[in-house]
>>> print(open('my_file19.cif').read())   # mmCIF, C-alpha atoms; chains and numbers go by the auth columns
data_work
#
loop_
_atom_site.group_PDB
_atom_site.id
_atom_site.type_symbol
_atom_site.label_atom_id
_atom_site.label_comp_id
_atom_site.label_asym_id
_atom_site.label_seq_id
_atom_site.Cartn_x
_atom_site.Cartn_y
_atom_site.Cartn_z
_atom_site.B_iso_or_equiv
_atom_site.auth_seq_id
_atom_site.auth_asym_id
ATOM 1 C CA GLU A 1 -8.686 12.787 10.630 0.00 1 A
ATOM 2 C CA VAL A 2 -7.431 10.536 7.856 0.00 2 A
ATOM 3 C CA GLN A 3 -6.286 7.149 9.137 0.00 3 A
ATOM 4 C CA LEU A 4 -4.804 4.223 7.236 0.00 4 A
ATOM 5 C CA VAL A 5 -4.006 1.140 9.289 0.00 5 A
ATOM 6 C CA GLU A 6 -2.131 -1.693 7.600 0.00 6 A
ATOM 7 C CA SER A 7 -2.049 -5.257 8.891 0.00 7 A
ATOM 8 C CA GLY A 8 -1.210 -8.768 7.742 0.00 8 A
ATOM 9 C CA GLY A 9 2.537 -8.572 7.437 0.00 9 A
ATOM 10 C CA GLY A 10 4.879 -11.192 8.811 0.00 10 A
ATOM 11 C CA GLN A 11 7.739 -13.514 8.039 0.00 11 A
ATOM 12 C CA VAL A 12 7.382 -16.169 5.367 0.00 12 A
ATOM 13 C CA GLN A 13 9.633 -18.454 3.378 0.00 13 A
ATOM 14 C CA PRO A 14 10.261 -17.856 -0.330 0.00 14 A
ATOM 15 C CA GLY A 15 7.262 -19.069 -2.296 0.00 15 A
ATOM 16 C CA GLY A 16 4.874 -18.303 0.523 0.00 16 A
ATOM 17 C CA SER A 17 1.860 -16.025 0.607 0.00 17 A
ATOM 18 C CA LEU A 18 0.550 -13.148 2.676 0.00 18 A
ATOM 19 C CA ARG A 19 -2.542 -10.985 2.475 0.00 19 A
ATOM 20 C CA LEU A 20 -2.200 -7.387 3.556 0.00 20 A
ATOM 21 C CA SER A 21 -5.158 -5.275 4.616 0.00 21 A
ATOM 22 C CA CYS A 22 -5.521 -1.536 5.041 0.00 22 A
ATOM 23 C CA ALA A 23 -8.427 -0.129 7.020 0.00 23 A
ATOM 24 C CA ALA A 24 -9.226 3.418 5.962 0.00 24 A
ATOM 25 C CA SER A 25 -11.174 6.084 7.834 0.00 25 A
ATOM 26 C CA GLY A 26 -11.582 9.849 7.962 0.00 26 A
ATOM 27 C CA PHE A 27 -12.215 10.323 4.254 0.00 27 A
ATOM 28 C CA THR A 28 -14.567 9.043 1.559 0.00 28 A
ATOM 29 C CA PHE A 29 -12.671 5.905 0.594 0.00 29 A
ATOM 30 C CA SER A 30 -14.690 5.182 -2.522 0.00 30 A
ATOM 31 C CA PHE A 31 -13.782 8.579 -4.010 0.00 31 A
ATOM 32 C CA TYR A 32 -10.069 7.819 -4.227 0.00 32 A
ATOM 33 C CA ALA A 33 -7.731 5.561 -6.105 0.00 33 A
ATOM 34 C CA MET A 34 -5.542 3.688 -3.629 0.00 34 A
ATOM 35 C CA SER A 35 -2.044 2.298 -3.783 0.00 35 A
ATOM 36 C CA TRP A 36 0.402 0.001 -2.074 0.00 36 A
ATOM 37 C CA VAL A 37 3.968 1.227 -1.828 0.00 37 A
ATOM 38 C CA ARG A 38 6.965 -0.375 -0.131 0.00 38 A
ATOM 39 C CA GLN A 39 10.349 0.516 1.240 0.00 39 A
ATOM 40 C CA ALA A 40 13.103 -2.052 1.454 0.00 40 A
ATOM 41 C CA PRO A 41 16.034 -1.577 3.843 0.00 41 A
ATOM 42 C CA GLY A 42 18.387 1.076 2.506 0.00 42 A
ATOM 43 C CA LYS A 43 16.215 1.791 -0.525 0.00 43 A
ATOM 44 C CA GLU A 44 13.821 4.500 -1.580 0.00 44 A
ATOM 45 C CA LEU A 45 10.066 4.244 -1.375 0.00 45 A
ATOM 46 C CA GLU A 46 8.757 2.222 -4.328 0.00 46 A
ATOM 47 C CA TRP A 47 5.285 2.155 -5.851 0.00 47 A
ATOM 48 C CA VAL A 48 3.920 -1.411 -6.064 0.00 48 A
ATOM 49 C CA SER A 49 0.301 -1.304 -7.202 0.00 49 A
ATOM 50 C CA SER A 50 -2.740 0.921 -7.578 0.00 50 A
ATOM 51 C CA ILE A 51 -6.452 0.374 -7.960 0.00 51 A
ATOM 52 C CA MET A 52 -9.022 2.821 -9.246 0.00 52 A
ATOM 53 C CA GLN A 53 -11.980 4.077 -7.238 0.00 53 A
ATOM 54 C CA ASP A 54 -14.471 1.464 -8.368 0.00 54 A
ATOM 55 C CA GLY A 55 -11.915 -1.336 -8.663 0.00 55 A
ATOM 56 C CA ASP A 56 -12.047 -1.453 -12.443 0.00 56 A
ATOM 57 C CA GLY A 57 -8.425 -0.570 -13.096 0.00 57 A
ATOM 58 C CA GLU A 58 -5.463 -2.317 -11.476 0.00 58 A
ATOM 59 C CA TYR A 59 -1.831 -1.472 -12.075 0.00 59 A
ATOM 60 C CA TYR A 60 1.355 -3.193 -10.945 0.00 60 A
ATOM 61 C CA ILE A 61 5.068 -2.716 -11.002 0.00 61 A
ATOM 62 C CA GLU A 62 6.587 -5.250 -13.396 0.00 62 A
ATOM 63 C CA ALA A 63 8.381 -7.091 -10.578 0.00 63 A
ATOM 64 C CA VAL A 64 5.108 -8.222 -8.973 0.00 64 A
ATOM 65 C CA LYS A 65 2.868 -8.804 -11.988 0.00 65 A
ATOM 66 C CA GLY A 66 1.285 -12.233 -11.869 0.00 66 A
ATOM 67 C CA ARG A 67 2.157 -12.663 -8.177 0.00 67 A
ATOM 68 C CA PHE A 68 0.361 -9.816 -6.387 0.00 68 A
ATOM 69 C CA THR A 69 -3.306 -8.860 -6.619 0.00 69 A
ATOM 70 C CA ILE A 70 -4.703 -5.583 -5.350 0.00 70 A
ATOM 71 C CA SER A 71 -8.371 -5.320 -4.429 0.00 71 A
ATOM 72 C CA ARG A 72 -10.725 -3.167 -2.414 0.00 72 A
ATOM 73 C CA ASP A 73 -14.016 -3.364 -0.606 0.00 73 A
ATOM 74 C CA ASN A 74 -15.608 0.062 -0.653 0.00 74 A
ATOM 75 C CA ALA A 75 -18.404 -1.073 1.664 0.00 75 A
ATOM 76 C CA LYS A 76 -15.789 -1.933 4.294 0.00 76 A
ATOM 77 C CA ASN A 77 -13.387 0.939 3.484 0.00 77 A
ATOM 78 C CA THR A 78 -10.625 -1.622 3.141 0.00 78 A
ATOM 79 C CA LEU A 79 -7.793 -2.122 0.676 0.00 79 A
ATOM 80 C CA TYR A 80 -6.077 -5.475 0.199 0.00 80 A
ATOM 81 C CA LEU A 81 -2.917 -6.870 -1.342 0.00 81 A
ATOM 82 C CA GLN A 82 -2.721 -10.617 -1.922 0.00 82 A
ATOM 83 C CA MET A 83 0.912 -11.582 -2.308 0.00 83 A
ATOM 84 C CA ASN A 84 1.777 -15.012 -3.664 0.00 84 A
ATOM 85 C CA SER A 85 5.056 -16.638 -4.672 0.00 85 A
ATOM 86 C CA LEU A 86 6.921 -14.223 -2.441 0.00 86 A
ATOM 87 C CA LYS A 87 10.586 -13.634 -3.121 0.00 87 A
ATOM 88 C CA ILE A 88 13.388 -12.486 -0.844 0.00 88 A
ATOM 89 C CA GLU A 89 13.471 -9.193 -2.745 0.00 89 A
ATOM 90 C CA ASP A 90 9.866 -8.516 -1.694 0.00 90 A
ATOM 91 C CA THR A 91 11.109 -7.918 1.855 0.00 91 A
ATOM 92 C CA ALA A 92 10.075 -4.391 2.823 0.00 92 A
ATOM 93 C CA VAL A 93 7.719 -2.306 4.881 0.00 93 A
ATOM 94 C CA TYR A 94 4.466 -2.097 2.956 0.00 94 A
ATOM 95 C CA TYR A 95 2.262 0.976 3.162 0.00 95 A
ATOM 96 C CA CYS A 96 -1.146 1.743 1.768 0.00 96 A
ATOM 97 C CA ALA A 97 -1.476 5.221 0.326 0.00 97 A
ATOM 98 C CA ILE A 98 -4.196 7.481 -0.979 0.00 98 A
ATOM 99 C CA ASN A 99 -4.103 8.125 -4.740 0.00 99 A
ATOM 100 C CA VAL A 100 -1.720 6.710 -7.317 0.00 100 A
ATOM 101 C CA GLY A 101 1.999 6.798 -6.683 0.00 101 A
ATOM 102 C CA THR A 102 4.196 7.344 -3.652 0.00 102 A
ATOM 103 C CA SER A 103 3.363 10.899 -2.638 0.00 103 A
ATOM 104 C CA GLY A 104 -0.045 10.392 -1.021 0.00 104 A
ATOM 105 C CA THR A 105 -0.880 10.089 2.640 0.00 105 A
ATOM 106 C CA ARG A 106 0.349 6.732 4.000 0.00 106 A
ATOM 107 C CA GLY A 107 -0.291 4.557 6.992 0.00 107 A
ATOM 108 C CA GLN A 108 2.303 3.360 9.483 0.00 108 A
ATOM 109 C CA GLY A 109 3.175 0.322 7.414 0.00 109 A
ATOM 110 C CA THR A 110 3.431 -3.412 7.990 0.00 110 A
ATOM 111 C CA GLN A 111 6.662 -5.388 7.759 0.00 111 A
ATOM 112 C CA VAL A 112 6.948 -8.213 5.257 0.00 112 A
ATOM 113 C CA THR A 113 10.032 -10.396 5.591 0.00 113 A
ATOM 114 C CA VAL A 114 10.749 -13.173 3.134 0.00 114 A
ATOM 115 C CA SER A 115 13.577 -15.419 4.209 0.00 115 A
ATOM 116 C CA SER A 116 14.527 -19.062 4.400 0.00 116 A
#
>>> encode(input="my_file19.cif", output="structure tokens")
Amino acid sequence: EVQLVESGGGQVQPGGSLRLSCAASGFTFSFYAMSWVRQAPGKELEWVSSIMQDGDGEYYIEAVKGRFTISRDNAKNTLYLQMNSLKIEDTAVYYCAINVGTSGTRGQGTQVTVSS
């Protein structure tokens, strides 16, 4: 059974940082590109970032370029998202997902709230 378990969310002030983790199991993690997607209140699911199977290629939505860094540890079957200089508009539930884009299998999500 495929499982994706996100953690690391929380509430931070604007300018703060968080590191999200996603523990993957039930499939061969290293065979798949992985993504982070998010859903803000009242908005549609939005792709944030993707990383290729071996970590060589990283892709970001323009709004987070230079602030977020996606990474993975294939030995630990874990995906990460380092989020720096957080903005109020980054508030959302963040999900890790298999493959590139928003249509892949997702975890249950972790809430990120940026507020002063």
>>> resolve_selection(input="my_file19.cif", expression="the PyMOL selection byres ((chain A and resi 26-43) around 8)", output="count of residues only")
33
>>> atom_distance(input="my_file19.cif", atom1="atom CA of A:Lys65", atom2="atom CA of A:Glu89")
14.1 Å
>>> residues_around(input="my_file19.cif", residues="A:Gln108", least_positions_apart="4", cutoff="8 Å", atoms="only C-alpha atoms", output="list in words")
Leu4, Val5, Glu6 and Tyr95 of chain A
>>> closest_residue(input="my_file19.cif", among="A:Ala23, A:Val112, A:Ile88, A:Leu18", to="A:Phe68", atoms="all atoms listed in the file")
A:Leu18
>>> atom_distance(input="my_file19.cif", atom1="atom CA of A:Gly109", atom2="atom CA of A:Asp56")
25.1 Å
>>> closest_residue(input="my_file19.cif", among="A:Gly66, A:Ser21, A:Gly107, A:Pro14", to="A:Leu86", atoms="all atoms listed in the file")
A:Pro14
>>> closest_residue(input="my_file19.cif", among="A:Val114, A:Gly104, A:Gly8, A:Cys22", to="A:Asp73", atoms="all atoms listed in the file")
A:Cys22
>>> atom_distance(input="my_file19.cif", atom1="atom CA of A:Arg19", atom2="atom CA of A:Ser7")
8.6 Å
>>> resolve_selection(input="my_file19.cif", expression="the PyMOL selection byres ((chain A and resi 17) around 8)", output="ChimeraX atom specification")
/A:12,15-16,18-19,82-86
>>> axis_aligned_box(input="my_file19.cif", around="stretch 95-112 of chain A", padding_each_side="6 Å", output="JSON")
{"center_x": 1.4, "center_y": 1.3, "center_z": 1.1, "size_x": 23.1, "size_y": 31.1, "size_z": 28.8}
>>> decode(input="my_file19.cif", residues="stretch 63-93 of chain A", atoms="N, CA, C and O atoms", output="compact mmCIF listing (two decimals), in the first residue's frame")
# COMPACT_ATOMS: atom_id res chain seq x y z
N ALA A 63 6.45 31.84 -7.66
CA ALA A 63 6.19 32.51 -6.37
C ALA A 63 7.11 32.06 -5.25
O ALA A 63 7.26 32.77 -4.24
N VAL A 64 7.75 30.90 -5.39
CA VAL A 64 8.59 30.39 -4.30
C VAL A 64 10.06 30.29 -4.68
O VAL A 64 10.89 29.92 -3.85
N LYS A 65 10.39 30.61 -5.90
CA LYS A 65 11.79 30.53 -6.34
C LYS A 65 12.68 31.40 -5.47
O LYS A 65 12.36 32.54 -5.18
N GLY A 66 13.81 30.84 -5.06
CA GLY A 66 14.73 31.57 -4.21
C GLY A 66 14.40 31.51 -2.73
O GLY A 66 15.20 31.91 -1.89
N ARG A 67 13.22 30.99 -2.38
CA ARG A 67 12.81 30.88 -0.98
C ARG A 67 12.65 29.43 -0.54
O ARG A 67 12.93 29.10 0.61
N PHE A 68 12.17 28.59 -1.43
CA PHE A 68 11.94 27.17 -1.11
C PHE A 68 13.00 26.32 -1.80
O PHE A 68 13.43 26.62 -2.91
N THR A 69 13.36 25.22 -1.14
CA THR A 69 14.28 24.25 -1.73
C THR A 69 13.74 22.85 -1.51
O THR A 69 13.49 22.44 -0.37
N ILE A 70 13.56 22.13 -2.61
CA ILE A 70 13.10 20.75 -2.54
C ILE A 70 14.33 19.84 -2.55
O ILE A 70 15.33 20.13 -3.21
N SER A 71 14.25 18.75 -1.82
CA SER A 71 15.34 17.78 -1.82
C SER A 71 14.77 16.41 -1.47
O SER A 71 13.62 16.30 -1.05
N ARG A 72 15.60 15.40 -1.65
CA ARG A 72 15.16 14.04 -1.34
C ARG A 72 16.34 13.21 -0.88
O ARG A 72 17.48 13.48 -1.24
N ASP A 73 16.02 12.21 -0.07
CA ASP A 73 17.00 11.24 0.36
C ASP A 73 16.46 9.87 -0.02
O ASP A 73 15.58 9.33 0.67
N ASN A 74 16.95 9.34 -1.12
CA ASN A 74 16.42 8.06 -1.60
C ASN A 74 16.75 6.90 -0.68
O ASN A 74 16.03 5.90 -0.65
N ALA A 75 17.83 7.02 0.07
CA ALA A 75 18.17 5.96 1.04
C ALA A 75 17.18 5.90 2.19
O ALA A 75 16.97 4.85 2.79
N LYS A 76 16.57 7.06 2.49
CA LYS A 76 15.60 7.13 3.59
C LYS A 76 14.17 7.22 3.09
O LYS A 76 13.24 7.36 3.89
N ASN A 77 13.97 7.15 1.76
CA ASN A 77 12.62 7.26 1.19
C ASN A 77 11.89 8.51 1.71
O ASN A 77 10.71 8.44 2.10
N THR A 78 12.59 9.62 1.71
CA THR A 78 12.03 10.83 2.29
C THR A 78 12.23 12.02 1.35
O THR A 78 13.29 12.19 0.76
N LEU A 79 11.18 12.81 1.27
CA LEU A 79 11.17 14.04 0.48
C LEU A 79 11.12 15.21 1.45
O LEU A 79 10.47 15.13 2.50
N TYR A 80 11.79 16.30 1.10
CA TYR A 80 11.83 17.47 1.97
C TYR A 80 11.45 18.73 1.20
O TYR A 80 11.57 18.81 -0.01
N LEU A 81 11.01 19.74 1.97
CA LEU A 81 10.82 21.07 1.41
C LEU A 81 11.27 22.07 2.47
O LEU A 81 10.62 22.22 3.51
N GLN A 82 12.39 22.71 2.22
CA GLN A 82 12.87 23.78 3.10
C GLN A 82 12.23 25.08 2.65
O GLN A 82 12.39 25.48 1.48
N MET A 83 11.53 25.72 3.54
CA MET A 83 10.81 26.95 3.22
C MET A 83 11.36 28.09 4.05
O MET A 83 11.24 28.07 5.28
N ASN A 84 11.95 29.05 3.40
CA ASN A 84 12.51 30.23 4.07
C ASN A 84 11.76 31.48 3.64
O ASN A 84 11.03 31.47 2.64
N SER A 85 11.94 32.54 4.39
CA SER A 85 11.31 33.83 4.07
C SER A 85 9.82 33.65 3.78
O SER A 85 9.29 34.16 2.78
N LEU A 86 9.16 32.94 4.65
CA LEU A 86 7.75 32.62 4.43
C LEU A 86 6.89 33.88 4.42
O LEU A 86 7.15 34.84 5.16
N LYS A 87 5.89 33.85 3.57
CA LYS A 87 4.96 34.96 3.41
C LYS A 87 3.55 34.51 3.80
O LYS A 87 3.25 33.31 3.78
N ILE A 88 2.72 35.47 4.12
CA ILE A 88 1.34 35.15 4.51
C ILE A 88 0.66 34.33 3.41
O ILE A 88 -0.10 33.39 3.70
N GLU A 89 0.96 34.64 2.17
CA GLU A 89 0.32 33.94 1.05
C GLU A 89 0.83 32.51 0.87
O GLU A 89 0.30 31.77 0.02
N ASP A 90 1.81 32.09 1.66
CA ASP A 90 2.24 30.69 1.64
C ASP A 90 1.36 29.82 2.53
O ASP A 90 1.53 28.59 2.55
N THR A 91 0.46 30.43 3.27
CA THR A 91 -0.43 29.67 4.15
C THR A 91 -1.26 28.70 3.31
O THR A 91 -1.94 29.09 2.36
N ALA A 92 -1.20 27.42 3.69
CA ALA A 92 -1.90 26.38 2.93
C ALA A 92 -1.66 25.04 3.61
O ALA A 92 -0.81 24.92 4.50
N VAL A 93 -2.40 24.05 3.17
CA VAL A 93 -2.06 22.66 3.48
C VAL A 93 -1.11 22.18 2.39
O VAL A 93 -1.40 22.32 1.20
